[in-house]
$ cat data-v1.txt   # compact mmCIF, C-alpha atoms and all ligand atoms
# COMPACT_ATOMS: atom_id res chain seq x y z
CA MET A 80 163.08 95.90 154.08
CA LEU A 81 161.42 99.03 152.70
CA LEU A 82 162.81 101.57 150.25
CA ILE A 83 161.15 104.89 151.06
CA THR A 84 161.67 107.50 148.36
CA GLY A 85 161.17 111.08 149.55
CA GLY A 86 161.40 109.71 153.09
CA LEU A 87 162.72 112.92 154.63
CA GLY A 88 159.83 115.03 153.28
CA TYR A 89 156.69 115.93 155.19
CA ILE A 90 154.61 112.78 154.73
CA GLY A 91 157.60 110.50 154.08
CA SER A 92 159.28 111.37 157.39
CA HIS A 93 156.10 110.62 159.34
CA PHE A 94 155.75 107.33 157.50
CA THR A 95 159.40 106.48 158.18
CA VAL A 96 158.72 106.93 161.91
CA VAL A 97 155.74 104.57 161.97
CA ALA A 98 157.50 102.06 159.71
CA LEU A 99 160.54 101.91 162.00
CA GLN A 100 158.24 101.64 165.01
CA ALA A 101 156.36 98.80 163.30
CA GLY A 102 159.69 96.95 163.03
CA TYR A 103 160.54 97.45 159.36
CA GLU A 104 164.11 98.03 158.29
CA VAL A 105 164.22 101.14 156.19
CA VAL A 106 166.32 102.67 153.43
CA VAL A 107 165.44 106.30 152.65
CA LEU A 108 166.35 107.88 149.32
CA ASP A 109 165.84 111.64 149.11
CA ASN A 110 167.53 114.35 147.06
CA LEU A 111 166.69 116.99 149.70
CA SER A 112 165.12 119.24 147.06
CA ASN A 113 162.31 119.98 149.53
CA SER A 114 163.60 118.63 152.83
CA HIS A 115 166.48 118.87 155.26
CA ALA A 116 169.17 116.29 156.09
CA GLY A 117 168.56 116.94 159.81
CA VAL A 118 165.17 115.21 159.57
CA LYS A 119 167.02 111.87 159.60
CA ASP A 120 168.35 112.59 163.11
CA LYS A 121 164.90 113.66 164.27
CA VAL A 122 163.33 110.44 163.00
CA GLU A 123 166.06 108.43 164.74
CA GLN A 124 165.56 110.45 167.93
CA ILE A 125 161.81 109.75 167.95
CA THR A 126 162.14 106.05 167.19
CA GLN A 127 165.50 105.28 168.83
CA LYS A 128 166.19 103.26 165.69
CA LYS A 129 168.64 103.70 162.82
CA LEU A 130 167.73 104.12 159.20
CA HIS A 131 169.89 103.94 156.09
CA PHE A 132 169.86 107.29 154.34
CA ILE A 133 171.05 107.85 150.78
CA GLU A 134 171.09 111.38 149.43
CA GLY A 135 170.25 111.04 145.76
CA ASP A 136 167.71 111.28 142.99
CA ILE A 137 165.15 108.75 141.74
CA ARG A 138 166.18 109.75 138.20
CA ASP A 139 169.69 108.37 138.80
CA GLU A 140 169.53 104.87 137.27
CA GLY A 141 172.91 103.70 138.47
CA LEU A 142 172.23 104.82 142.00
CA LEU A 143 168.86 103.04 142.14
CA ASP A 144 170.28 99.83 140.71
CA GLY A 145 173.04 99.95 143.33
CA ILE A 146 170.47 100.39 146.13
CA PHE A 147 168.46 97.36 145.00
CA LYS A 148 171.66 95.30 144.67
CA ARG A 149 172.94 96.33 148.10
CA TYR A 150 169.77 96.08 150.18
CA ALA A 151 167.16 93.31 150.25
CA ILE A 152 164.26 95.62 149.39
CA GLU A 153 160.85 93.95 149.33
CA VAL A 154 158.53 96.95 149.11
CA VAL A 155 158.98 100.46 147.69
CA VAL A 156 156.97 103.27 149.27
CA HIS A 157 157.23 106.05 146.73
CA PHE A 158 156.71 109.56 148.12
CA ALA A 159 159.41 111.39 146.12
CA GLY A 160 157.92 114.04 143.90
CA LEU A 161 157.39 117.72 143.33
CA LYS A 162 153.99 118.96 144.46
CA ALA A 163 153.55 122.70 143.95
CA VAL A 164 150.62 123.17 141.57
CA ALA A 165 151.54 126.69 140.38
CA GLU A 166 155.15 125.66 139.80
CA SER A 167 153.93 122.72 137.72
CA VAL A 168 152.03 125.15 135.48
CA ALA A 169 155.12 127.33 135.09
CA GLN A 170 157.60 124.44 134.69
CA PRO A 171 155.75 121.41 133.30
CA ILE A 172 158.89 119.73 131.94
CA LEU A 173 160.49 119.80 135.37
CA TYR A 174 157.36 118.16 136.81
CA TYR A 175 157.02 115.47 134.13
CA ASP A 176 160.72 114.74 134.39
CA ASN A 177 160.84 114.52 138.16
CA ASN A 178 157.50 112.83 138.82
CA VAL A 179 156.93 110.71 135.70
CA SER A 180 160.45 109.95 134.42
CA GLY A 181 161.60 109.52 138.01
CA SER A 182 158.85 106.98 138.67
CA LEU A 183 159.54 105.12 135.41
CA ASN A 184 163.17 104.92 136.37
CA LEU A 185 162.25 103.54 139.76
CA LEU A 186 159.99 100.92 138.16
CA LYS A 187 162.75 99.91 135.72
CA ALA A 188 165.18 99.40 138.58
CA MET A 189 162.54 97.42 140.50
CA GLN A 190 161.88 95.20 137.49
CA ASN A 191 165.60 94.63 136.86
CA ASN A 192 166.01 93.57 140.47
CA LYS A 193 162.80 91.54 140.77
CA VAL A 194 161.09 93.81 143.28
CA ASN A 195 157.36 93.79 142.59
CA LYS A 196 155.55 95.66 145.34
CA ILE A 197 154.99 99.41 145.40
CA ILE A 198 152.84 101.98 147.17
CA PHE A 199 152.46 105.26 145.31
CA SER A 200 151.55 108.71 146.66
CA SER A 201 148.82 110.03 144.41
CA SER A 202 146.43 112.85 145.03
CA ALA A 203 142.77 113.82 145.04
CA THR A 204 143.82 116.32 142.41
CA VAL A 205 143.57 113.53 139.78
CA TYR A 206 139.75 113.78 139.95
CA GLY A 207 139.49 117.39 138.76
CA GLU A 208 136.19 119.30 138.61
CA PRO A 209 133.74 117.24 140.73
CA LYS A 210 130.95 115.53 138.77
CA TYR A 211 129.56 114.54 142.18
CA LEU A 212 130.73 114.62 145.79
CA PRO A 213 132.17 112.99 147.75
CA TYR A 214 134.70 111.73 145.22
CA ASP A 215 134.83 107.94 145.26
CA GLU A 216 137.57 105.96 143.53
CA GLN A 217 135.31 105.48 140.47
CA HIS A 218 134.89 109.21 139.94
CA PRO A 219 136.24 110.16 136.47
CA THR A 220 139.80 111.44 136.48
CA ASN A 221 140.41 114.75 134.76
CA PRO A 222 143.27 116.73 136.30
CA ILE A 223 143.27 120.49 135.87
CA ASN A 224 147.02 121.08 136.10
CA PRO A 225 150.31 119.43 135.08
CA TYR A 226 151.00 118.26 138.63
CA GLY A 227 147.74 116.30 138.59
CA TYR A 228 148.60 114.82 135.19
CA THR A 229 151.98 113.61 136.47
CA LYS A 230 150.17 111.69 139.22
CA LEU A 231 147.61 110.24 136.80
CA HIS A 232 150.32 109.19 134.32
CA VAL A 233 152.13 107.24 137.00
CA GLU A 234 148.85 105.62 138.08
CA HIS A 235 148.32 104.48 134.47
CA VAL A 236 151.85 103.10 134.25
CA LEU A 237 151.32 101.14 137.47
CA HIS A 238 148.02 99.81 136.17
CA ASP A 239 149.68 98.63 132.96
CA VAL A 240 152.66 97.08 134.74
CA CYS A 241 150.25 95.08 136.93
CA ALA A 242 148.34 93.98 133.82
CA SER A 243 151.58 92.74 132.25
CA ASP A 244 152.94 90.91 135.28
CA GLU A 245 150.60 88.89 137.47
CA ALA A 246 153.08 88.83 140.35
CA PHE A 247 153.16 92.63 140.57
CA ALA A 248 151.25 94.51 143.30
CA ALA A 249 150.75 98.28 143.18
CA ILE A 250 148.66 100.42 145.50
CA THR A 251 147.85 103.99 144.60
CA LEU A 252 146.83 106.09 147.57
CA ARG A 253 144.97 109.26 146.67
CA TYR A 254 145.60 111.67 149.52
CA PHE A 255 143.23 114.47 150.35
CA ASN A 256 144.71 117.40 152.32
CA PRO A 257 147.27 116.22 154.88
CA ILE A 258 147.79 118.45 157.94
CA GLY A 259 149.36 118.23 161.39
CA ALA A 260 152.59 116.82 162.69
CA HIS A 261 154.07 114.08 164.85
CA PRO A 262 153.08 114.72 168.50
CA SER A 263 156.77 115.05 169.49
CA GLY A 264 156.95 118.26 167.46
CA LEU A 265 160.34 117.11 166.17
CA ILE A 266 159.16 116.63 162.60
CA GLY A 267 156.40 118.36 160.69
CA GLU A 268 155.73 120.31 157.56
CA ASN A 269 158.63 122.62 156.94
CA PRO A 270 158.72 123.73 153.31
CA LYS A 271 161.86 125.46 152.06
CA ASP A 272 159.95 128.41 150.53
CA ILE A 273 156.87 130.44 151.46
CA PRO A 274 154.16 127.80 151.84
CA ASN A 275 151.50 127.37 149.14
CA ASN A 276 149.22 125.30 151.31
CA LEU A 277 146.83 126.60 153.91
CA MET A 278 148.04 124.84 157.06
CA PRO A 279 151.79 125.57 156.82
CA TYR A 280 150.91 129.16 155.93
CA LEU A 281 148.69 129.41 159.03
CA ILE A 282 151.53 128.07 161.17
CA LYS A 283 153.87 130.77 159.86
CA VAL A 284 151.27 133.44 160.64
CA ALA A 285 150.89 132.00 164.15
CA ASN A 286 154.69 132.12 164.57
CA THR A 287 154.66 135.76 163.32
CA GLU A 288 156.93 134.80 160.40
CA LEU A 289 154.19 136.02 158.05
CA PRO A 290 151.88 138.95 158.85
CA TYR A 291 148.44 137.59 157.93
CA LEU A 292 146.62 134.79 156.17
CA GLN A 293 145.29 135.51 152.71
CA VAL A 294 141.90 133.84 152.32
CA PHE A 295 141.64 133.10 148.61
CA GLY A 296 138.00 133.86 147.79
CA ASP A 297 134.85 134.12 149.90
CA ASP A 298 132.32 133.81 147.09
CA TYR A 299 132.40 130.06 146.47
CA ASP A 300 129.30 127.88 146.68
CA THR A 301 130.08 126.65 150.21
CA ARG A 302 128.66 127.26 153.74
CA ASP A 303 130.65 130.47 154.25
CA GLY A 304 131.90 131.13 150.73
CA THR A 305 135.46 129.93 151.35
CA GLY A 306 137.04 126.84 149.78
CA GLU A 307 136.16 123.47 151.30
CA ARG A 308 138.59 120.54 151.63
CA ASP A 309 139.06 117.23 153.42
CA TYR A 310 141.89 117.74 155.93
CA ILE A 311 143.44 114.49 157.09
CA ASN A 312 145.91 114.18 159.94
CA VAL A 313 149.33 113.10 158.72
CA MET A 314 149.67 110.39 161.41
CA ASP A 315 146.36 108.86 160.29
CA LEU A 316 147.52 109.14 156.68
CA VAL A 317 150.77 107.26 157.28
CA GLU A 318 148.97 104.56 159.29
CA GLY A 319 147.01 104.00 156.09
CA HIS A 320 150.30 103.15 154.38
CA LEU A 321 151.12 100.49 156.97
CA ALA A 322 147.74 98.92 156.26
CA ALA A 323 148.48 99.17 152.53
CA ILE A 324 151.77 97.28 152.92
CA GLU A 325 149.81 94.35 154.36
CA TYR A 326 147.35 94.60 151.48
CA LEU A 327 150.17 94.20 148.94
CA ALA A 328 149.71 90.46 149.48
CA ASN A 329 146.92 91.02 146.93
CA THR A 330 148.58 91.28 143.54
CA GLY A 331 147.29 93.67 140.89
CA PHE A 332 146.52 97.39 140.84
CA HIS A 333 144.49 98.95 143.66
CA VAL A 334 143.36 102.51 144.33
CA PHE A 335 142.24 103.93 147.68
CA ASN A 336 141.20 107.40 148.77
CA LEU A 337 142.81 108.43 152.05
CA GLY A 338 140.64 111.16 153.55
CA THR A 339 138.27 111.72 156.45
CA GLY A 340 135.06 111.94 154.46
CA LYS A 341 134.35 115.41 155.90
CA GLY A 342 134.69 118.84 154.31
CA THR A 343 136.01 121.88 156.21
CA THR A 344 136.07 125.45 154.86
CA VAL A 345 139.03 127.80 155.13
CA LEU A 346 137.26 129.87 157.79
CA GLU A 347 136.29 126.74 159.74
CA LEU A 348 139.91 125.60 159.69
CA VAL A 349 141.10 129.00 160.90
CA SER A 350 138.54 128.92 163.75
CA ALA A 351 139.64 125.41 164.77
CA PHE A 352 143.29 126.52 164.67
CA GLU A 353 142.50 129.56 166.83
CA ALA A 354 140.56 127.47 169.34
CA ALA A 355 143.20 124.72 169.49
CA ASN A 356 146.03 127.17 170.16
CA ASP A 357 144.19 129.98 171.93
CA ILE A 358 145.39 132.61 169.47
CA VAL A 359 143.91 135.01 166.95
CA ILE A 360 144.96 134.73 163.31
CA GLU A 361 145.07 137.93 161.26
CA LYS A 362 143.42 137.33 157.90
CA LYS A 363 142.43 139.26 154.78
CA ILE A 364 139.99 138.19 152.11
CA LYS A 365 141.71 138.13 148.73
CA PRO A 366 140.55 137.20 145.23
CA ARG A 367 140.18 133.54 144.32
CA ARG A 368 143.46 131.72 143.59
CA GLU A 369 143.70 130.66 139.97
CA GLY A 370 143.08 126.95 139.44
CA ASP A 371 141.34 126.33 142.79
CA LEU A 372 138.26 124.14 142.98
CA ALA A 373 135.42 125.32 145.26
CA LYS A 374 135.06 122.12 147.25
CA PHE A 375 135.90 118.47 147.42
CA TRP A 376 136.11 115.72 149.98
CA ALA A 377 136.59 111.98 150.03
CA LYS A 378 134.41 108.97 150.21
CA ALA A 379 136.79 106.88 152.29
CA ASP A 380 134.67 103.73 152.66
CA LEU A 381 136.79 101.53 150.40
CA ALA A 382 139.92 102.00 152.53
CA LYS A 383 137.85 101.17 155.59
CA LYS A 384 136.48 98.01 154.03
CA GLU A 385 139.63 96.71 152.35
CA LEU A 386 142.46 98.13 154.46
CA ASN A 387 140.56 98.21 157.75
CA TRP A 388 141.77 101.79 158.08
CA GLU A 389 140.02 105.04 158.87
CA ALA A 390 141.05 108.51 159.98
CA LYS A 391 140.67 108.96 163.74
CA THR A 392 142.19 112.30 164.74
CA SER A 393 139.82 115.26 165.27
CA LEU A 394 140.29 118.52 163.42
CA LEU A 395 141.01 120.29 166.71
CA GLU A 396 143.80 117.84 167.56
CA SER A 397 145.25 118.16 164.06
CA CYS A 398 145.37 121.94 164.50
CA GLN A 399 147.32 121.83 167.77
CA LEU A 400 150.59 123.55 167.18
CA VAL A 401 153.26 121.04 168.15
CA GLN A 402 155.94 121.92 165.63
CA GLN A 403 159.26 123.10 167.08
CA LEU A 404 161.02 123.23 163.70
P1 LIG B 501 157.55 116.91 150.38
O1 LIG B 501 158.02 117.86 149.34
O2 LIG B 501 157.62 117.34 151.80
O3 LIG B 501 158.27 115.51 150.24
C1 LIG B 501 158.73 115.00 149.02
C2 LIG B 501 160.17 114.54 149.23
O4 LIG B 501 160.66 113.99 148.01
C3 LIG B 501 161.10 115.70 149.61
O5 LIG B 501 161.86 115.32 150.74
C4 LIG B 501 161.97 115.90 148.39
O6 LIG B 501 163.26 116.35 148.73
C5 LIG B 501 161.96 114.51 147.77
N1 LIG B 501 162.15 114.46 146.32
C6 LIG B 501 161.50 115.18 145.37
N2 LIG B 501 161.94 114.84 144.15
C7 LIG B 501 162.87 113.87 144.32
C8 LIG B 501 163.68 113.12 143.44
N3 LIG B 501 163.65 113.31 142.13
N4 LIG B 501 164.52 112.20 143.95
C9 LIG B 501 164.59 112.01 145.30
N5 LIG B 501 163.87 112.70 146.18
C10 LIG B 501 163.00 113.63 145.70
O7 LIG B 501 156.04 116.52 150.00
P2 LIG B 501 154.97 115.69 150.82
O8 LIG B 501 153.87 116.61 151.19
O9 LIG B 501 155.61 114.88 151.86
O10 LIG B 501 154.41 114.76 149.66
C11 LIG B 501 154.85 113.43 149.47
C12 LIG B 501 154.16 112.84 148.25
O11 LIG B 501 152.75 112.91 148.44
C13 LIG B 501 154.45 113.60 146.95
O12 LIG B 501 154.57 112.67 145.92
C14 LIG B 501 153.22 114.46 146.77
O13 LIG B 501 153.00 114.76 145.43
C15 LIG B 501 152.14 113.57 147.35
N6 LIG B 501 150.97 114.31 147.83
C16 LIG B 501 151.12 115.29 148.77
C17 LIG B 501 150.00 116.02 149.18
C18 LIG B 501 150.12 117.15 150.17
O14 LIG B 501 149.21 117.97 150.23
N7 LIG B 501 151.18 117.23 150.97
C19 LIG B 501 148.73 115.71 148.68
C20 LIG B 501 148.62 114.68 147.75
C21 LIG B 501 149.74 113.98 147.33
N1 LIG B 502 144.01 128.77 150.85
C1 LIG B 502 143.90 130.07 151.32
N2 LIG B 502 145.05 130.72 151.64
C2 LIG B 502 146.30 130.17 151.53
C3 LIG B 502 146.39 128.83 151.05
C4 LIG B 502 145.22 128.17 150.71
O1 LIG B 502 142.81 130.60 151.44
O2 LIG B 502 147.30 130.82 151.83
C5 LIG B 502 142.77 128.02 150.53
C6 LIG B 502 142.68 127.53 149.10
O3 LIG B 502 142.12 128.52 148.28
C7 LIG B 502 141.82 126.27 149.24
C8 LIG B 502 142.19 125.74 150.64
O4 LIG B 502 142.77 126.85 151.33
O5 LIG B 502 140.46 126.62 149.26
C9 LIG B 502 143.20 124.61 150.60
O6 LIG B 502 144.33 125.02 149.83
P1 LIG B 502 145.71 124.21 149.85
O7 LIG B 502 146.66 124.95 148.97
O8 LIG B 502 146.12 123.95 151.25
O9 LIG B 502 145.30 122.81 149.23
P2 LIG B 502 144.69 122.43 147.82
O10 LIG B 502 143.41 121.71 148.06
O11 LIG B 502 144.65 123.58 146.90
O12 LIG B 502 145.77 121.44 147.24
C10 LIG B 502 146.41 120.46 148.05
C11 LIG B 502 147.77 120.16 147.45
C12 LIG B 502 147.60 119.48 146.15
C13 LIG B 502 146.73 118.27 146.32
C14 LIG B 502 145.41 118.66 146.91
C15 LIG B 502 144.55 117.46 147.14
O13 LIG B 502 148.52 121.34 147.28
O14 LIG B 502 148.85 119.06 145.69
O15 LIG B 502 145.63 119.32 148.14
O16 LIG B 502 145.21 116.50 147.84
F1 LIG B 502 146.53 117.70 145.13

$ encode --input "data-v1.txt" --output "structure tokens" --more "lines below"
Ligand code: NAD
Ligand code: UFG
Amino acid sequence: MLLITGGLGYIGSHFTVVALQAGYEVVVLDNLSNSHAGVKDKVEQITQKKLHFIEGDIRDEGLLDGIFKRYAIEVVVHFAGLKAVAESVAQPILYYDNNVSGSLNLLKAMQNNKVNKIIFSSSATVYGEPKYLPYDEQHPTNPINPYGYTKLHVEHVLHDVCASDEAFAAITLRYFNPIGAHPSGLIGENPKDIPNNLMPYLIKVANTELPYLQVFGDDYDTRDGTGERDYINVMDLVEGHLAAIEYLANTGFHVFNLGTGKGTTVLELVSAFEAANDIVIEKKIKPRREGDLAKFWAKADLAKKELNWEAKTSLLESCQLVQQL
């Protein structure tokens, strides 16, 4: 049985679907700080399977202990976290508390209940200013914002826990830029506020909820001057987690990049989105966004070699507007 923290969020809900479909029994813990209770019904509708949902916080020790006592959890898949970079700069304590203290609390409850397998959602943001590209897992880590530091801190804790306990297995997955939605259109990326990220913002422009896309900078050192990223389809991303669960048979601490290995600029993504949906996106060039890196993408060979996983979905498919949220 899996405990999926943050399992009603964007990536967590897609993972919950594939985990149920793969035959796992699932307990989802989510405090709904950035998701909606209705996602549970959508996941059940897609899979025609039931999941156990607990509304609550990973910082609640008593609650976590109760979950481990009540359910025979074997593996924790830990998505719960706050992820808005600018908010992490403005409210670092909130971010360290939620992401770091929350994860420590989860690990304490796991240890107390003899659960020793975890998959952790980390981010390409831990690498910081590229010393070389593509980033491989050996690239130095040097986050440029508090959000990135929260991810790196948890990685270090997991590393140290594995060093202290030879039966422990922890896999850190460093995601690049997840986009897209489940083909049913029933779940997808549906942030509670105005989106920070490019793809959900584009979707709101396409739906006429927002008037135009702001392109943050066109004077970067890239093909067309706009920022370049590695956009990975969310269904591919969550398949990587299923492969990682199998890999937990290997004890110790492991890190894998989950990306496509290809960079795409903002203007290239907009063109793909326009072509995939036969629409025109209004856009305006704006100044660079503070804290943005010009370009980065993944070397994803290690995941291919060790997890036998690679991203398969094309950019055009990932851009197809399926969301009915
Ligand atoms: P999301 O906000 O959609 O999902 C996170 C979920 O965790 C939400 O449902 C939220 O309500 C829940 N949550 C947050 N704090 C919690 C707490 N203290 N207790 C219980 N539940 C809590 O985000 P997402 O895009 O699905 O990201 C999932 C994970 O992947 C996060 O840890 C994020 O940092 C990481 N990540 C995301 C991206 C990305 O671009 N989406 C990239 C790299 C890493
Ligand atoms: N961008 C725009 N307009 C927008 C939003 C973004 O032009 O409205 C540009 C950005 O300047 C950047 C690119 O689109 O060049 C991608 O920006 P996102 O905000 O979508 O993604 P980031 O690469 O900045 O960051 C995301 C997550 C981080 C995570 C990182 C790597 O927000 O948490 O991917 O995984 F760490």

$ closest_residue --input "data-v1.txt" --among "A:Gly319, A:Gly102, A:Gly342, A:Gly207" --to "Lys383 (chain A)" --atoms "all atoms listed in the file"
A:Gly319

$ residues_near_ligand --input "data-v1.txt" --ligand "ligand LIG 501 (chain B)" --cutoff "8 Å" --atoms "all atoms listed in the file" --output "PDB file with C-alpha atoms, keeping the file's coordinate frame"
ATOM      1  CA  THR A  84     161.670 107.500 148.360  1.00  0.00           C
ATOM      2  CA  GLY A  85     161.170 111.080 149.550  1.00  0.00           C
ATOM      3  CA  GLY A  86     161.400 109.710 153.090  1.00  0.00           C
ATOM      4  CA  LEU A  87     162.720 112.920 154.630  1.00  0.00           C
ATOM      5  CA  GLY A  88     159.830 115.030 153.280  1.00  0.00           C
ATOM      6  CA  TYR A  89     156.690 115.930 155.190  1.00  0.00           C
ATOM      7  CA  ILE A  90     154.610 112.780 154.730  1.00  0.00           C
ATOM      8  CA  GLY A  91     157.600 110.500 154.080  1.00  0.00           C
ATOM      9  CA  SER A  92     159.280 111.370 157.390  1.00  0.00           C
ATOM     10  CA  LEU A 108     166.350 107.880 149.320  1.00  0.00           C
ATOM     11  CA  ASP A 109     165.840 111.640 149.110  1.00  0.00           C
ATOM     12  CA  ASN A 110     167.530 114.350 147.060  1.00  0.00           C
ATOM     13  CA  LEU A 111     166.690 116.990 149.700  1.00  0.00           C
ATOM     14  CA  SER A 112     165.120 119.240 147.060  1.00  0.00           C
ATOM     15  CA  ASN A 113     162.310 119.980 149.530  1.00  0.00           C
ATOM     16  CA  SER A 114     163.600 118.630 152.830  1.00  0.00           C
ATOM     17  CA  HIS A 115     166.480 118.870 155.260  1.00  0.00           C
ATOM     18  CA  GLU A 134     171.090 111.380 149.430  1.00  0.00           C
ATOM     19  CA  GLY A 135     170.250 111.040 145.760  1.00  0.00           C
ATOM     20  CA  ASP A 136     167.710 111.280 142.990  1.00  0.00           C
ATOM     21  CA  ILE A 137     165.150 108.750 141.740  1.00  0.00           C
ATOM     22  CA  ARG A 138     166.180 109.750 138.200  1.00  0.00           C
ATOM     23  CA  HIS A 157     157.230 106.050 146.730  1.00  0.00           C
ATOM     24  CA  PHE A 158     156.710 109.560 148.120  1.00  0.00           C
ATOM     25  CA  ALA A 159     159.410 111.390 146.120  1.00  0.00           C
ATOM     26  CA  GLY A 160     157.920 114.040 143.900  1.00  0.00           C
ATOM     27  CA  LEU A 161     157.390 117.720 143.330  1.00  0.00           C
ATOM     28  CA  LYS A 162     153.990 118.960 144.460  1.00  0.00           C
ATOM     29  CA  ASN A 177     160.840 114.520 138.160  1.00  0.00           C
ATOM     30  CA  ASN A 178     157.500 112.830 138.820  1.00  0.00           C
ATOM     31  CA  GLY A 181     161.600 109.520 138.010  1.00  0.00           C
ATOM     32  CA  PHE A 199     152.460 105.260 145.310  1.00  0.00           C
ATOM     33  CA  SER A 200     151.550 108.710 146.660  1.00  0.00           C
ATOM     34  CA  SER A 201     148.820 110.030 144.410  1.00  0.00           C
ATOM     35  CA  SER A 202     146.430 112.850 145.030  1.00  0.00           C
ATOM     36  CA  ALA A 203     142.770 113.820 145.040  1.00  0.00           C
ATOM     37  CA  THR A 204     143.820 116.320 142.410  1.00  0.00           C
ATOM     38  CA  TYR A 226     151.000 118.260 138.630  1.00  0.00           C
ATOM     39  CA  LYS A 230     150.170 111.690 139.220  1.00  0.00           C
ATOM     40  CA  ARG A 253     144.970 109.260 146.670  1.00  0.00           C
ATOM     41  CA  TYR A 254     145.600 111.670 149.520  1.00  0.00           C
ATOM     42  CA  PHE A 255     143.230 114.470 150.350  1.00  0.00           C
ATOM     43  CA  ASN A 256     144.710 117.400 152.320  1.00  0.00           C
ATOM     44  CA  PRO A 257     147.270 116.220 154.880  1.00  0.00           C
ATOM     45  CA  ILE A 258     147.790 118.450 157.940  1.00  0.00           C
ATOM     46  CA  GLU A 268     155.730 120.310 157.560  1.00  0.00           C
ATOM     47  CA  ASN A 269     158.630 122.620 156.940  1.00  0.00           C
ATOM     48  CA  PRO A 270     158.720 123.730 153.310  1.00  0.00           C
ATOM     49  CA  ASN A 276     149.220 125.300 151.310  1.00  0.00           C
TER      50      ASN A 276
END

$ residues_near_ligand --input "data-v1.txt" --ligand "ligand LIG 502 (chain B)" --cutoff "8 Å" --atoms "only C-alpha atoms and all ligand atoms" --output "ChimeraX atom specification"
/A:162-164,202-205,226-227,253-257,274-278,280-281,292-296,305-308,344-345,367-368,371-374

$ atom_distance --input "data-v1.txt" --atom1 "CA of Leu346 (chain A)" --atom2 "CA of Glu208 (chain A)"
21.9 Å

$ residues_around --input "data-v1.txt" --residues "Asp215 (chain A)" --least-positions-apart "4" --cutoff "10 Å" --atoms "all atoms listed in the file" --output "VMD selection string"
chain A and resid 203 206 211 219 335 to 336 376 to 381

$ residues_near_point --input "data-v1.txt" --point "(141.6, 130.6, 164.4)" --cutoff "12 Å" --atoms "all atoms listed in the file" --output "list in words"
Met278, Leu281, Ile282, Val284, Ala285, Tyr291, Leu292, Val345, Leu346, Glu347, Leu348, Val349, Ser350, Ala351, Phe352, Glu353, Ala354, Ala355, Asn356, Asp357, Ile358, Val359, Ile360, Glu361, Lys362, Leu395, Cys398, Gln399 and Leu400 of chain A

$ atom_distance --input "data-v1.txt" --atom1 "CA of Cys241 (chain A)" --atom2 "CA of Val105 (chain A)"
24.6 Å

$ atom_distance --input "data-v1.txt" --atom1 "CA of Ala382 (chain A)" --atom2 "CA of Asn224 (chain A)"
26.2 Å

$ residues_around --input "data-v1.txt" --residues "Lys128 (chain A)" --least-positions-apart "6" --cutoff "12 Å" --atoms "all atoms listed in the file" --output "PyMOL selection string"
chain A and resi 95-105+119-122

$ write_last_selection --input "data-v1.txt" --atoms "C-alpha atoms" --output "PDB file, in the coordinates of the input"
ATOM      1  CA  THR A  95     159.400 106.480 158.180  1.00  0.00           C
ATOM      2  CA  VAL A  96     158.720 106.930 161.910  1.00  0.00           C
ATOM      3  CA  VAL A  97     155.740 104.570 161.970  1.00  0.00           C
ATOM      4  CA  ALA A  98     157.500 102.060 159.710  1.00  0.00           C
ATOM      5  CA  LEU A  99     160.540 101.910 162.000  1.00  0.00           C
ATOM      6  CA  GLN A 100     158.240 101.640 165.010  1.00  0.00           C
ATOM      7  CA  ALA A 101     156.360  98.800 163.300  1.00  0.00           C
ATOM      8  CA  GLY A 102     159.690  96.950 163.030  1.00  0.00           C
ATOM      9  CA  TYR A 103     160.540  97.450 159.360  1.00  0.00           C
ATOM     10  CA  GLU A 104     164.110  98.030 158.290  1.00  0.00           C
ATOM     11  CA  VAL A 105     164.220 101.140 156.190  1.00  0.00           C
ATOM     12  CA  LYS A 119     167.020 111.870 159.600  1.00  0.00           C
ATOM     13  CA  ASP A 120     168.350 112.590 163.110  1.00  0.00           C
ATOM     14  CA  LYS A 121     164.900 113.660 164.270  1.00  0.00           C
ATOM     15  CA  VAL A 122     163.330 110.440 163.000  1.00  0.00           C
TER      16      VAL A 122
END

$ closest_residue --input "data-v1.txt" --among "A:Leu186, A:Ala260, A:Leu265, A:Ile133" --to "Val233 (chain A)" --atoms "all atoms listed in the file"
A:Leu186

$ residues_near_point --input "data-v1.txt" --point "(161.2, 103.1, 146.3)" --cutoff "7 Å" --atoms "all atoms listed in the file" --output "mmCIF file with C-alpha atoms, in the frame of the given file"
data_model
loop_
_atom_site.group_PDB
_atom_site.id
_atom_site.type_symbol
_atom_site.label_atom_id
_atom_site.label_comp_id
_atom_site.auth_asym_id
_atom_site.auth_seq_id
_atom_site.Cartn_x
_atom_site.Cartn_y
_atom_site.Cartn_z
ATOM 1 C CA LEU A 82 162.810 101.570 150.250
ATOM 2 C CA ILE A 83 161.150 104.890 151.060
ATOM 3 C CA THR A 84 161.670 107.500 148.360
ATOM 4 C CA VAL A 155 158.980 100.460 147.690
ATOM 5 C CA VAL A 156 156.970 103.270 149.270
ATOM 6 C CA HIS A 157 157.230 106.050 146.730
ATOM 7 C CA LEU A 185 162.250 103.540 139.760
#
